[in-house]
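Undergrad: Sharing structure-v8.txt (compact mmCIF, C-alpha atoms) below.
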```txt
# COMPACT_ATOMS: atom_id res chain seq x y z
CA MET A 1 -106.82 59.50 67.24
CA GLN A 2 -110.44 58.89 68.21
CA HIS A 3 -110.99 57.15 64.87
CA LYS A 4 -108.02 54.84 65.53
CA GLU A 5 -109.39 53.93 68.96
CA ASP A 6 -112.84 53.17 67.49
CA PHE A 7 -111.20 51.12 64.79
CA GLN A 8 -109.21 49.03 67.31
CA LYS A 9 -112.26 48.67 69.51
CA GLU A 10 -114.30 47.35 66.59
CA VAL A 11 -111.57 44.84 65.70
CA ASP A 12 -111.42 43.60 69.31
CA LEU A 13 -115.21 43.39 69.59
CA THR A 14 -115.33 41.37 66.37
CA LEU A 15 -112.56 39.07 67.56
CA ASN A 16 -114.52 38.37 70.74
CA SER A 17 -117.93 38.17 69.08
CA LEU A 18 -118.14 34.39 69.53
CA ASP A 19 -117.84 34.69 73.31
CA GLY A 20 -121.08 33.71 74.98
CA ALA A 21 -122.43 31.98 71.88
CA SER A 22 -124.68 29.04 72.64
CA ARG A 23 -124.36 25.72 70.86
CA ALA A 24 -126.24 25.33 67.59
CA GLU A 25 -128.60 22.38 67.80
CA ALA A 26 -128.98 19.79 65.07
CA PRO A 27 -132.23 20.15 63.06
CA ALA A 28 -135.44 18.49 64.20
CA PHE A 29 -135.99 14.83 63.25
CA PHE A 30 -132.24 14.41 62.84
CA TYR A 31 -132.29 10.80 64.07
CA THR A 32 -135.08 9.82 61.67
CA ARG A 33 -133.15 11.24 58.73
CA LEU A 34 -129.95 9.59 59.94
CA ILE A 35 -131.59 6.16 60.09
CA ALA A 36 -133.15 6.67 56.63
CA ARG A 37 -129.71 7.52 55.25
CA MET A 38 -128.09 4.52 56.92
CA GLU A 39 -130.72 2.24 55.36
CA SER A 40 -130.30 3.80 51.94
CA VAL A 41 -126.50 3.45 52.23
CA SER A 42 -126.79 -0.28 52.93
CA VAL A 43 -129.18 -0.69 49.98
CA SER A 44 -127.02 1.38 47.69
CA ILE A 45 -123.95 -0.74 48.54
CA TRP A 46 -125.69 -3.80 47.04
CA SER A 47 -127.00 -1.88 44.06
CA ARG A 48 -123.53 -0.45 43.50
CA TRP A 49 -122.04 -3.97 43.48
CA ALA A 50 -124.76 -5.16 41.10
CA ALA A 51 -124.03 -2.23 38.79
CA ILE A 52 -120.30 -3.02 38.85
CA LEU A 53 -120.91 -6.71 38.09
CA ALA A 54 -123.31 -5.82 35.27
CA ARG A 55 -120.60 -3.94 33.37
CA PRO A 56 -119.59 -5.92 30.23
CA ALA A 57 -115.87 -5.52 30.94
CA VAL A 58 -116.25 -6.83 34.49
CA SER A 59 -118.57 -9.73 33.61
CA LEU A 60 -116.39 -10.77 30.62
CA GLY A 61 -113.32 -10.49 32.82
CA ILE A 62 -114.88 -12.73 35.46
CA LEU A 63 -115.91 -15.23 32.72
CA PHE A 64 -112.36 -15.20 31.34
CA ILE A 65 -110.88 -15.85 34.79
CA PHE A 66 -113.40 -18.67 35.32
CA LEU A 67 -112.46 -20.30 31.98
CA LEU A 68 -108.76 -19.84 32.76
CA MET A 69 -109.18 -21.59 36.11
CA ASN A 70 -111.15 -24.41 34.45
CA GLY A 71 -108.44 -24.84 31.84
CA TYR A 72 -105.76 -24.90 34.50
CA LEU A 73 -107.65 -27.53 36.54
CA ILE A 74 -108.18 -29.73 33.48
CA LEU A 75 -104.52 -29.47 32.42
CA SER A 76 -103.22 -30.10 35.91
CA ASN A 77 -105.33 -33.27 36.17
CA LEU A 78 -104.11 -34.76 32.88
CA PRO A 79 -101.74 -37.74 33.40
CA LYS A 80 -98.10 -36.83 32.87
CA GLU A 81 -96.05 -38.43 30.07
CA GLU A 82 -93.98 -40.58 32.46
CA GLU A 83 -97.12 -41.77 34.20
CA SER A 84 -98.72 -42.67 30.86
CA HIS A 85 -95.59 -44.67 29.90
CA GLN A 86 -95.84 -46.56 33.18
CA GLN A 87 -99.52 -47.20 32.57
CA ASP A 88 -98.75 -48.51 29.06
CA TYR A 89 -96.09 -50.81 30.48
CA ILE A 90 -98.43 -52.16 33.16
CA SER A 91 -101.19 -52.76 30.63
CA GLN A 92 -98.69 -54.53 28.33
CA GLN A 93 -97.59 -56.73 31.22
CA ILE A 94 -101.17 -57.58 32.10
CA THR A 95 -101.91 -58.46 28.48
CA TYR A 96 -98.74 -60.59 28.32
CA PHE A 97 -99.64 -62.54 31.48
CA ASP A 98 -103.20 -62.95 30.26
CA THR A 99 -102.16 -64.40 26.90
CA ASN A 100 -99.36 -66.66 28.32
CA SER A 101 -101.32 -67.89 31.24
CA PRO A 102 -101.68 -71.71 31.32
CA ASN A 103 -105.30 -71.56 32.44
CA PRO A 104 -107.89 -70.23 30.03
CA MET B 1 -114.37 28.40 79.52
CA LYS B 2 -117.59 27.70 77.67
CA GLU B 3 -119.57 24.66 78.71
CA HIS B 4 -122.51 22.95 77.10
CA PRO B 5 -124.12 21.04 79.94
CA ASP B 6 -127.29 20.15 78.00
CA LYS B 7 -128.11 16.43 77.92
CA PHE B 8 -124.90 15.58 79.77
CA ILE B 9 -124.25 11.90 80.48
CA PRO B 10 -121.61 10.91 83.07
CA ARG B 11 -118.55 9.23 81.54
CA ALA B 12 -119.20 5.88 83.22
CA ASP B 13 -122.74 5.77 81.86
CA GLU B 14 -121.53 6.79 78.42
CA LEU B 15 -118.97 3.96 78.43
CA LYS B 16 -121.79 1.54 79.29
CA LEU B 17 -123.79 2.93 76.37
CA ILE B 18 -120.82 2.43 74.05
CA GLU B 19 -120.47 -1.18 75.25
CA LYS B 20 -124.17 -1.69 74.51
CA LEU B 21 -123.70 -0.20 71.06
CA LYS B 22 -120.78 -2.56 70.44
CA ASN B 23 -123.25 -5.38 71.14
CA GLY B 24 -125.61 -3.96 68.53
CA ASP B 25 -128.08 -2.21 70.84
CA GLU B 26 -130.06 0.24 68.66
CA SER B 27 -131.51 2.13 71.64
CA ALA B 28 -127.98 2.86 72.87
CA PHE B 29 -127.17 4.30 69.45
CA LYS B 30 -130.25 6.53 69.59
CA LEU B 31 -129.30 7.79 73.03
CA ILE B 32 -125.72 8.51 71.92
CA VAL B 33 -126.99 10.41 68.86
CA ASP B 34 -129.50 12.37 70.95
CA THR B 35 -126.94 13.41 73.53
CA ARG B 36 -124.00 14.07 71.21
CA LYS B 37 -125.56 15.44 68.01
CA GLY B 38 -125.21 19.02 69.28
CA LEU B 39 -121.46 18.65 69.79
CA VAL B 40 -120.92 17.21 66.31
CA TYR B 41 -123.31 19.58 64.53
CA ASN B 42 -121.93 22.72 66.20
CA THR B 43 -118.35 21.71 65.36
CA ALA B 44 -119.19 20.95 61.74
CA LEU B 45 -121.25 24.14 61.46
CA GLY B 46 -118.39 26.25 62.80
CA LEU B 47 -115.94 24.73 60.33
CA LEU B 48 -118.18 24.50 57.25
CA GLN B 49 -120.32 27.60 57.86
CA SER B 50 -123.32 25.99 56.16
CA ALA B 51 -126.28 24.38 57.95
CA GLU B 52 -126.90 21.94 55.10
CA ASP B 53 -123.28 20.74 54.95
CA ALA B 54 -123.12 20.56 58.75
CA GLU B 55 -126.16 18.27 58.91
CA ASP B 56 -124.71 16.10 56.16
CA ILE B 57 -121.39 15.78 57.98
CA THR B 58 -123.12 15.14 61.32
CA GLN B 59 -124.94 12.21 59.72
CA GLU B 60 -121.66 10.90 58.28
CA VAL B 61 -120.00 11.16 61.70
CA PHE B 62 -122.70 9.05 63.36
CA ILE B 63 -122.63 6.51 60.54
CA LYS B 64 -118.89 6.24 61.13
CA VAL B 65 -119.49 5.89 64.89
CA TYR B 66 -121.99 3.08 64.25
CA GLU B 67 -119.64 1.27 61.89
CA SER B 68 -116.39 1.71 63.84
CA VAL B 69 -117.47 1.78 67.47
CA HIS B 70 -115.36 -1.37 68.00
CA GLN B 71 -112.26 0.73 67.29
CA PHE B 72 -113.05 3.01 70.25
CA LYS B 73 -111.03 1.62 73.15
CA GLY B 74 -111.94 4.26 75.72
CA GLU B 75 -108.34 5.51 76.06
CA SER B 76 -109.45 9.04 75.24
CA ALA B 77 -112.79 10.68 75.99
CA PHE B 78 -115.66 9.77 73.69
CA SER B 79 -116.11 13.48 72.93
CA THR B 80 -112.47 13.62 71.72
CA TRP B 81 -113.16 10.74 69.34
CA LEU B 82 -116.29 12.49 68.06
CA TYR B 83 -114.44 15.80 67.60
CA LYS B 84 -111.69 13.96 65.71
CA ILE B 85 -114.15 12.35 63.28
CA ALA B 86 -116.15 15.58 62.87
CA VAL B 87 -113.01 17.61 62.16
CA THR B 88 -111.60 15.04 59.71
CA LYS B 89 -114.87 14.78 57.77
CA SER B 90 -115.39 18.56 57.72
CA LEU B 91 -111.85 19.18 56.46
CA GLU B 92 -112.30 16.51 53.76
CA LEU B 93 -115.38 18.37 52.52
CA ILE B 94 -113.63 21.76 52.66
CA ARG B 95 -110.67 20.37 50.67
CA SER B 96 -112.87 18.71 48.05
CA ARG B 97 -114.78 22.00 47.65
CA LYS B 98 -111.49 23.85 47.19
CA ARG B 99 -110.36 21.34 44.56
CA LYS B 100 -113.65 21.73 42.68
CA LYS B 101 -113.38 25.52 42.88
CA ARG B 102 -109.86 25.38 41.44
CA PHE B 103 -111.00 23.01 38.69
CA ALA B 104 -113.95 25.29 37.88
CA PHE B 105 -111.54 28.20 37.63
CA ILE B 106 -109.28 26.32 35.21
CA THR B 107 -112.16 25.12 33.05
CA SER B 108 -113.62 28.64 33.00
CA ILE B 109 -110.30 29.87 31.62
CA LEU B 110 -110.44 27.11 29.01
CA GLY B 111 -113.87 28.33 27.95
CA GLU B 112 -116.20 25.63 29.25
CA ASN B 113 -119.55 26.50 30.80
CA ASN B 114 -118.44 26.03 34.42
CA GLU B 115 -118.89 29.45 35.93
CA LEU B 116 -116.91 30.62 38.90
CA LYS B 117 -119.02 30.64 42.00
CA HIS B 118 -119.15 33.89 43.89
CA ASP B 119 -118.15 34.04 47.53
CA PRO B 120 -120.60 32.13 49.74
CA PRO B 121 -123.31 34.22 51.45
CA GLU B 122 -122.69 35.65 54.91
CA PHE B 123 -122.90 32.98 57.55
CA HIS B 124 -124.96 33.62 60.68
CA HIS B 125 -124.42 31.14 63.50
CA PRO B 126 -127.78 30.51 65.25
CA GLY B 127 -126.19 30.56 68.72
CA ILE B 128 -124.86 34.13 68.46
CA GLN B 129 -126.77 36.87 70.22
CA LEU B 130 -128.51 39.37 67.97
CA ASP B 131 -126.33 42.37 68.85
CA ASN B 132 -123.21 40.38 67.87
CA ARG B 133 -124.51 38.80 64.66
CA GLU B 134 -122.93 41.16 62.15
CA ARG B 135 -119.56 41.15 63.90
CA ALA B 136 -119.63 37.35 64.18
CA ALA B 137 -120.46 37.06 60.47
CA THR B 138 -117.41 39.23 59.70
CA LEU B 139 -115.30 37.07 62.00
CA PHE B 140 -116.53 33.85 60.35
CA LYS B 141 -115.50 35.25 56.97
CA ALA B 142 -112.01 35.83 58.32
CA ILE B 143 -111.93 32.37 59.98
CA ALA B 144 -112.67 30.79 56.59
CA LYS B 145 -109.40 32.24 55.26
CA LEU B 146 -107.25 30.70 58.01
CA PRO B 147 -105.06 27.65 57.34
CA ASP B 148 -106.88 24.42 58.24
CA ASN B 149 -105.06 23.68 61.52
CA GLN B 150 -105.51 27.24 62.86
CA ARG B 151 -109.16 27.19 61.79
CA VAL B 152 -109.79 23.90 63.62
CA ALA B 153 -108.01 24.95 66.83
CA PHE B 154 -109.67 28.37 66.96
CA THR B 155 -113.17 27.06 66.17
CA LEU B 156 -113.00 24.23 68.71
CA HIS B 157 -111.76 26.60 71.40
CA LYS B 158 -114.03 29.56 70.71
CA LEU B 159 -117.23 27.86 69.60
CA GLU B 160 -117.18 24.61 71.55
CA GLY B 161 -115.11 25.75 74.52
CA VAL B 162 -112.76 22.79 74.16
CA SER B 163 -109.66 22.95 76.38
CA TYR B 164 -106.18 23.22 74.85
CA MET B 165 -105.41 19.74 76.15
CA GLU B 166 -108.42 18.16 74.43
CA ILE B 167 -107.70 20.10 71.22
CA GLY B 168 -104.21 18.62 71.44
CA ASP B 169 -105.73 15.13 71.69
CA VAL B 170 -108.04 15.81 68.75
CA MET B 171 -105.28 17.22 66.53
CA GLN B 172 -102.52 14.99 67.96
CA LEU B 173 -100.45 17.99 69.05
CA SER B 174 -98.87 19.10 72.31
CA VAL B 175 -100.59 21.72 74.44
CA SER B 176 -97.88 24.28 73.60
CA ALA B 177 -98.37 23.60 69.88
CA VAL B 178 -102.11 24.25 70.30
CA GLU B 179 -101.38 27.46 72.20
CA SER B 180 -99.11 28.57 69.38
CA LEU B 181 -101.74 27.68 66.75
CA ILE B 182 -104.42 29.69 68.51
CA HIS B 183 -102.06 32.62 69.02
CA ARG B 184 -101.20 32.62 65.30
CA ALA B 185 -104.90 32.27 64.40
CA LYS B 186 -105.75 35.30 66.54
CA SER B 187 -102.99 37.45 65.04
CA ASN B 188 -103.98 36.41 61.49
CA LEU B 189 -107.62 37.20 62.24
CA LYS B 190 -106.68 40.56 63.75
CA LYS B 191 -104.69 41.46 60.65
CA ASP B 192 -107.52 40.40 58.36
CA LEU B 193 -110.12 42.31 60.39
CA GLU B 194 -107.95 45.43 60.41
CA ASP B 195 -107.74 45.28 56.63
CA TYR B 196 -111.50 44.73 56.45
CA TYR B 197 -112.38 47.66 58.73
CA LEU B 198 -109.87 49.94 57.00
CA LYS B 199 -111.92 49.49 53.84
CA ASN B 200 -115.37 49.34 55.41
CA LEU B 201 -115.44 51.56 58.50
```
Would you give me this structure, written as structure tokens?

TA:
Amino acid sequence: MQHKEDFQKEVDLTLNSLDGASRAEAPAFFYTRLIARMESVSVSIWSRWAAILARPAVSLGILFIFLLMNGYLILSNLPKEEESHQQDYISQQITYFDTNSPNP
Amino acid sequence: MKEHPDKFIPRADELKLIEKLKNGDESAFKLIVDTRKGLVYNTALGLLQSAEDAEDITQEVFIKVYESVHQFKGESAFSTWLYKIAVTKSLELIRSRKRKKRFAFITSILGENNELKHDPPEFHHPGIQLDNRERAATLFKAIAKLPDNQRVAFTLHKLEGVSYMEIGDVMQLSVSAVESLIHRAKSNLKKDLEDYYLKNL
């Protein structure tokens, strides 16, 4: 009986053992270390990007996309077939008027 | 109810500091860190039970505060926002540790060199009085076995003295849900401690 009471008392004391605890303080020079970490994070973001861009797969991929866009721009700026027919017709007309013109 | 009045800044002044921080004032950031680092560190320490991890998470919380201070609209208390970030980051670390532990267990079965880590050493919270240290270490061991939500509610209430209402704001739960969580945490802890003392007393 006594043992059971001691046992329950110990459980209750353990359950309440955090009562009256004071707050744990952050270690000394916390702010200095925080600022150093923030600076290293901003540096490492750039170095991480550089490392990603330096990968052969990424750089070749970017080059491929660049060439693809160039090709698309060149093709989209080529005169269409109908337009080229019209241009041929206009140039033929100009040549015709030039050759049949009464004045030299 | 436990209170931590050290380095207390009135709410109006704190809101002014936050506005200054939003405008990029470094001295405001330093003052916020100096006055609130105890709150964040003690919360992380209670949840992670490791001084090294707690400092790491406290740094991450303040980096997050610096980067996302514009998202803080002042609808809830600044302390609530800090508790929320500290709890989220601590739980992320706990979960990633659990995943790694599980993976180490699987790979150890498969015969790789990853050895299973033994249980972490006994944790002694620096704010506990000497005559309660051993009991508190036993309690912390039992707290570590609780489900995440019970662990968070119990730790915030017992270690930081946070009210049920504020815990509700942090965990996005009603006050009655928080009461129920803490009640379940206490009964789970009691059961665990009874088992422990049956074997060790």

Undergrad: Please provide as a list in words all residues within 12 Å of B:Ile182, with the sequence filter that same-chain residues fewer than 5 positions apart are discarded (counting all atoms listed in the file).

TA: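 Those residues are Ile143, Leu146, Pro147, Asp148, Asn149, Gln150, Arg151, Val152, Ala153, Phe154, Thr155, Leu156, His157, Lys158, Ser163, Tyr164, Ile167, Gly168, Val175, Ser176, Ala177, Ser187, Asn188 and Leu189 of chain B.
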
Undergrad: Compute the chain A side of the contact with chain B at 12 Å, counting all atoms listed in the file, and hand it back as an MDAnalysis selection string.

TA: chainID A and resid 3:4 6:42

Undergrad: Write the residues of the preceding selection, restricted to C-alpha atoms, as a short mmCIF file (atom, residue, chain, number, x, y, z; two decimals), keeping the file's coordinate frame.

TA:
```cif
data_model
loop_
_atom_site.label_atom_id
_atom_site.label_comp_id
_atom_site.auth_asym_id
_atom_site.auth_seq_id
_atom_site.Cartn_x
_atom_site.Cartn_y
_atom_site.Cartn_z
CA HIS A 3 -110.99 57.15 64.87
CA LYS A 4 -108.02 54.84 65.53
CA ASP A 6 -112.84 53.17 67.49
CA PHE A 7 -111.20 51.12 64.79
CA GLN A 8 -109.21 49.03 67.31
CA LYS A 9 -112.26 48.67 69.51
CA GLU A 10 -114.30 47.35 66.59
CA VAL A 11 -111.57 44.84 65.70
CA ASP A 12 -111.42 43.60 69.31
CA LEU A 13 -115.21 43.39 69.59
CA THR A 14 -115.33 41.37 66.37
CA LEU A 15 -112.56 39.07 67.56
CA ASN A 16 -114.52 38.37 70.74
CA SER A 17 -117.93 38.17 69.08
CA LEU A 18 -118.14 34.39 69.53
CA ASP A 19 -117.84 34.69 73.31
CA GLY A 20 -121.08 33.71 74.98
CA ALA A 21 -122.43 31.98 71.88
CA SER A 22 -124.68 29.04 72.64
CA ARG A 23 -124.36 25.72 70.86
CA ALA A 24 -126.24 25.33 67.59
CA GLU A 25 -128.60 22.38 67.80
CA ALA A 26 -128.98 19.79 65.07
CA PRO A 27 -132.23 20.15 63.06
CA ALA A 28 -135.44 18.49 64.20
CA PHE A 29 -135.99 14.83 63.25
CA PHE A 30 -132.24 14.41 62.84
CA TYR A 31 -132.29 10.80 64.07
CA THR A 32 -135.08 9.82 61.67
CA ARG A 33 -133.15 11.24 58.73
CA LEU A 34 -129.95 9.59 59.94
CA ILE A 35 -131.59 6.16 60.09
CA ALA A 36 -133.15 6.67 56.63
CA ARG A 37 -129.71 7.52 55.25
CA MET A 38 -128.09 4.52 56.92
CA GLU A 39 -130.72 2.24 55.36
CA SER A 40 -130.30 3.80 51.94
CA VAL A 41 -126.50 3.45 52.23
CA SER A 42 -126.79 -0.28 52.93
#
```

Undergrad: What is the atom CA of A:Gly71-atom CA of A:Ala51 distance in Å, reported with one decimal?

TA: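 Value for the atom CA of A:Gly71-atom CA of A:Ala51 distance: 28.3 Å.
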
Undergrad: Between atom CA of B:Arg97 and atom CA of B:Leu48, measure the distance and give it in Å to one decimal.

TA: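 Between atom CA of B:Arg97 and atom CA of B:Leu48 the gap works out to 10.5 Å.
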
Undergrad: When you draw a straight line from atom CA of A:Ile65 to atom CA of A:Ile45, how long is it in Å?

TA: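 Rounded to one decimal, the two atoms are 24.3 Å apart.
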